[in-house]
Amino acid sequence: MYFCTVLDLTMLLFILKRILYGFLLMLGVITLVFFLFTVLPSDPARMIMGQRTDIATEEAIRKEMGLDLPIGVQYLAYLNDLSPISWHKTKDKDSFFYLNPSNYHYISFLSFENSSIVLKKPFMRRSYQSKRQVIDILSEAFPKTALLAVVSIFFAIIVGITIGVLCAVFKGSWFDKIALFFSVLGMSVPSFFAAILFAWVFAFLLADVTGLSMFGSLYSVDNYGSGQFLDLRNLILPAITLGIRPLALVVELTKNSVLDVLSQDYIRTARAKGLPYRRILVKHTLKNALNPVVTAISGWLASLLAGAVFVEYIFDWKGMGVVIVDALDKYDFPVVMGALLYVSIILVIINIIVDITYGWLDPQVKFTS
């Protein structure tokens, strides 16, 4: 009973430590992104105005955006906008910290004479081009990217673990050699080249056989242009293309890890007791062999999202990739900054979950971390 209590307390401290590390990491990312895009040789006021070069209007826009404030105050204002719990002025409308209802959906829970502390949705500023809130733009695009990434990673995990286990069981066979060849090939091919190759082969040369299209988003317009319909066929090629590189990694890691576990003493003991080989493989080997696979997959998520930018753009999948490329092309920095922060937050959360899962799979991690 005492041991279980100590173990639960250790696990709780382990989780809290990972959350604190994640918070500090996000603070570092926010700081880096802010100062990186602040020091760029560009004038957001002129980007918003376009061809209209009116000095009075330009100064008004600079004041509205807080560009006339010292860089330190701009940084604090940016943190204040991003924070779900933030401080704002309620009466001074000329202040950059003014609680503008058009920018925030908030709940005030602590009010003072001229200011208030509120609970709100993070405000990532507005697009220079569309004037829409960045978080609204990203909230529309990210679910499509998330769907593509999740399908790709599940494809890589399920197929990769299956092939890796078979390669370990039939080590040295023709199946193992062919799988090794394609694993090396999959790791070597860049995502953008694989996307072009897959689109050309399966959606152009073999289009009559596969019925797949070279371009298309999650929703397609019907032949009469009267509405949209869900077309999951457009997900097949981007998901496979994006999942090839992590698939190759999972195959190699699973094979090596399974071979290492199969050589352990407790596995030989289980065999000596006469346990069925399939039961040994599934119950005693796989759980211990999956630790490095889980860790590697979490590290590959960042590369997966980076590769999604090229894959989405080539297949015209209307996700974060298309939004980022278009924003870079138009110098729409708030959208680019918001996209970087959006992806970073997701990756930090995923890494925290993976660390906790890793601690559950290997209890020794809680005592050594």
# chains A, B, ... in the order shown; residues from 1 in each chain; ligands from 1
>>> residues_around(residues="region 95-101 of chain A", least_positions_apart="6", cutoff="12 Å", atoms="only C-alpha atoms", output="PyMOL selection string")
chain A and resi 61-70+73-81+86-89+107-108+114-121+123+125
>>> write_last_selection(atoms="N, CA and C atoms", output="JSON list (two decimals), in the first residue's frame")
[["chain", "number", "residue", "atom", "x", "y", "z"],
["A", 61, "ILE", "N", -2.33, 53.56, -38.31],
["A", 61, "ILE", "CA", -2.24, 52.10, -38.31],
["A", 61, "ILE", "C", -1.11, 51.64, -37.38],
["A", 62, "ARG", "N", 0.02, 52.34, -37.43],
["A", 62, "ARG", "CA", 1.14, 51.98, -36.56],
["A", 62, "ARG", "C", 0.76, 52.12, -35.08],
["A", 63, "LYS", "N", -0.01, 53.16, -34.77],
["A", 63, "LYS", "CA", -0.46, 53.35, -33.39],
["A", 63, "LYS", "C", -1.46, 52.27, -32.99],
["A", 64, "GLU", "N", -2.36, 51.92, -33.91],
["A", 64, "GLU", "CA", -3.36, 50.90, -33.61],
["A", 64, "GLU", "C", -2.71, 49.54, -33.37],
["A", 65, "MET", "N", -1.65, 49.26, -34.12],
["A", 65, "MET", "CA", -0.95, 47.98, -34.00],
["A", 65, "MET", "C", 0.09, 48.00, -32.89],
["A", 66, "GLY", "N", 0.33, 49.15, -32.28],
["A", 66, "GLY", "CA", 1.30, 49.25, -31.20],
["A", 66, "GLY", "C", 2.73, 49.29, -31.68],
["A", 67, "LEU", "N", 2.95, 49.60, -32.97],
["A", 67, "LEU", "CA", 4.30, 49.62, -33.51],
["A", 67, "LEU", "C", 5.09, 50.84, -33.07],
["A", 68, "ASP", "N", 4.39, 51.84, -32.49],
["A", 68, "ASP", "CA", 5.07, 53.03, -32.00],
["A", 68, "ASP", "C", 5.58, 52.85, -30.57],
["A", 69, "LEU", "N", 5.26, 51.71, -29.96],
["A", 69, "LEU", "CA", 5.68, 51.44, -28.58],
["A", 69, "LEU", "C", 7.08, 50.85, -28.55],
["A", 70, "PRO", "N", 7.79, 50.96, -27.42],
["A", 70, "PRO", "CA", 9.10, 50.30, -27.28],
["A", 70, "PRO", "C", 8.96, 48.79, -27.49],
["A", 73, "VAL", "N", 7.66, 46.72, -24.56],
["A", 73, "VAL", "CA", 6.22, 46.84, -24.32],
["A", 73, "VAL", "C", 5.44, 46.02, -25.35],
["A", 74, "GLN", "N", 5.90, 46.03, -26.61],
["A", 74, "GLN", "CA", 5.26, 45.21, -27.64],
["A", 74, "GLN", "C", 5.33, 43.72, -27.29],
["A", 75, "TYR", "N", 6.47, 43.30, -26.75],
["A", 75, "TYR", "CA", 6.63, 41.89, -26.37],
["A", 75, "TYR", "C", 5.68, 41.52, -25.23],
["A", 76, "LEU", "N", 5.58, 42.40, -24.22],
["A", 76, "LEU", "CA", 4.65, 42.13, -23.11],
["A", 76, "LEU", "C", 3.20, 42.12, -23.60],
["A", 77, "ALA", "N", 2.88, 43.02, -24.54],
["A", 77, "ALA", "CA", 1.53, 43.04, -25.09],
["A", 77, "ALA", "C", 1.24, 41.77, -25.88],
["A", 78, "TYR", "N", 2.25, 41.25, -26.57],
["A", 78, "TYR", "CA", 2.07, 40.00, -27.33],
["A", 78, "TYR", "C", 1.83, 38.83, -26.39],
["A", 79, "LEU", "N", 2.60, 38.77, -25.30],
["A", 79, "LEU", "CA", 2.37, 37.73, -24.30],
["A", 79, "LEU", "C", 0.99, 37.88, -23.67],
["A", 80, "ASN", "N", 0.59, 39.11, -23.43],
["A", 80, "ASN", "CA", -0.71, 39.39, -22.83],
["A", 80, "ASN", "C", -1.85, 38.93, -23.75],
["A", 81, "ASP", "N", -1.66, 39.14, -25.06],
["A", 81, "ASP", "CA", -2.68, 38.71, -26.02],
["A", 81, "ASP", "C", -2.77, 37.19, -26.11],
["A", 86, "SER", "N", -5.29, 37.24, -18.76],
["A", 86, "SER", "CA", -4.51, 38.42, -19.09],
["A", 86, "SER", "C", -5.12, 39.68, -18.46],
["A", 87, "TRP", "N", -4.30, 40.73, -18.41],
["A", 87, "TRP", "CA", -4.70, 42.02, -17.84],
["A", 87, "TRP", "C", -4.95, 43.01, -18.96],
["A", 88, "HIS", "N", -6.04, 43.78, -18.84],
["A", 88, "HIS", "CA", -6.38, 44.76, -19.88],
["A", 88, "HIS", "C", -6.97, 46.01, -19.24],
["A", 89, "LYS", "N", -6.77, 47.13, -19.93],
["A", 89, "LYS", "CA", -7.44, 48.37, -19.55],
["A", 89, "LYS", "C", -8.85, 48.38, -20.11],
["A", 107, "ILE", "N", -14.19, 36.55, -20.37],
["A", 107, "ILE", "CA", -14.99, 36.54, -19.15],
["A", 107, "ILE", "C", -14.18, 37.28, -18.08],
["A", 108, "SER", "N", -14.70, 38.39, -17.59],
["A", 108, "SER", "CA", -14.00, 39.18, -16.58],
["A", 108, "SER", "C", -14.29, 38.60, -15.19],
["A", 114, "ASN", "N", -9.84, 50.97, -13.51],
["A", 114, "ASN", "CA", -9.65, 51.23, -14.94],
["A", 114, "ASN", "C", -9.17, 50.00, -15.71],
["A", 115, "SER", "N", -9.13, 48.86, -15.07],
["A", 115, "SER", "CA", -8.61, 47.67, -15.73],
["A", 115, "SER", "C", -9.31, 46.43, -15.19],
["A", 116, "SER", "N", -8.98, 45.31, -15.83],
["A", 116, "SER", "CA", -9.63, 44.07, -15.45],
["A", 116, "SER", "C", -8.74, 42.89, -15.83],
["A", 117, "ILE", "N", -8.83, 41.82, -15.04],
["A", 117, "ILE", "CA", -8.17, 40.55, -15.37],
["A", 117, "ILE", "C", -9.23, 39.62, -15.92],
["A", 118, "VAL", "N", -8.98, 39.08, -17.12],
["A", 118, "VAL", "CA", -10.01, 38.34, -17.83],
["A", 118, "VAL", "C", -9.52, 36.95, -18.22],
["A", 119, "LEU", "N", -10.48, 36.09, -18.47],
["A", 119, "LEU", "CA", -10.24, 34.76, -19.04],
["A", 119, "LEU", "C", -10.74, 34.80, -20.48],
["A", 120, "LYS", "N", -9.88, 34.50, -21.43],
["A", 120, "LYS", "CA", -10.23, 34.69, -22.83],
["A", 120, "LYS", "C", -9.55, 33.65, -23.72],
["A", 121, "LYS", "N", -9.99, 33.64, -24.98],
["A", 121, "LYS", "CA", -9.33, 32.83, -26.00],
["A", 121, "LYS", "C", -8.07, 33.56, -26.45],
["A", 123, "PHE", "N", -5.39, 35.54, -28.40],
["A", 123, "PHE", "CA", -5.52, 36.43, -29.55],
["A", 123, "PHE", "C", -4.19, 36.47, -30.29],
["A", 125, "ARG", "N", -3.53, 38.10, -33.09],
["A", 125, "ARG", "CA", -3.59, 39.27, -33.96],
["A", 125, "ARG", "C", -4.45, 38.97, -35.20]]
>>> select_by_dssp(residues="region 108-161 of chain A", states="strand (DSSP E)", output="PyMOL selection string")
chain A and resi 108-111+115-120
>>> write_last_selection(atoms="C-alpha atoms", output="PDB file, in the first residue's frame")
ATOM      1  CA  SER A 108     -13.998  39.177 -16.579  1.00  0.00           C
ATOM      2  CA  PHE A 109     -13.429  37.671 -13.147  1.00  0.00           C
ATOM      3  CA  LEU A 110     -11.420  40.396 -11.367  1.00  0.00           C
ATOM      4  CA  SER A 111     -12.099  44.098 -12.048  1.00  0.00           C
ATOM      5  CA  SER A 115      -8.606  47.667 -15.731  1.00  0.00           C
ATOM      6  CA  SER A 116      -9.630  44.068 -15.452  1.00  0.00           C
ATOM      7  CA  ILE A 117      -8.167  40.548 -15.366  1.00  0.00           C
ATOM      8  CA  VAL A 118     -10.014  38.340 -17.827  1.00  0.00           C
ATOM      9  CA  LEU A 119     -10.242  34.760 -19.039  1.00  0.00           C
ATOM     10  CA  LYS A 120     -10.233  34.686 -22.834  1.00  0.00           C
TER      11      LYS A 120
END
>>> atom_distance(atom1="CA of Val134 (chain A)", atom2="CA of Val335 (chain A)")
5.6 Å
>>> residues_around(residues="region 162-168 of chain A", least_positions_apart="6", cutoff="9 Å", atoms="only C-alpha atoms", output="VMD selection string")
chain A and resid 175 to 177 179 to 180 250 to 259 281 286
>>> atom_distance(atom1="CA of Thr269 (chain A)", atom2="CA of Ile161 (chain A)")
24.6 Å
>>> closest_residue(among="A:Leu341, A:Ala149, A:Leu218, A:Val209", to="Pro122 (chain A)", atoms="only C-alpha atoms")
A:Leu341
>>> select_by_dssp(residues="region 17-212 of chain A", states="alpha helix (DSSP H)", output="PyMOL selection string")
chain A and resi 17-38+44-49+55-65+71-82+134-169+174-188+191-200+207-210
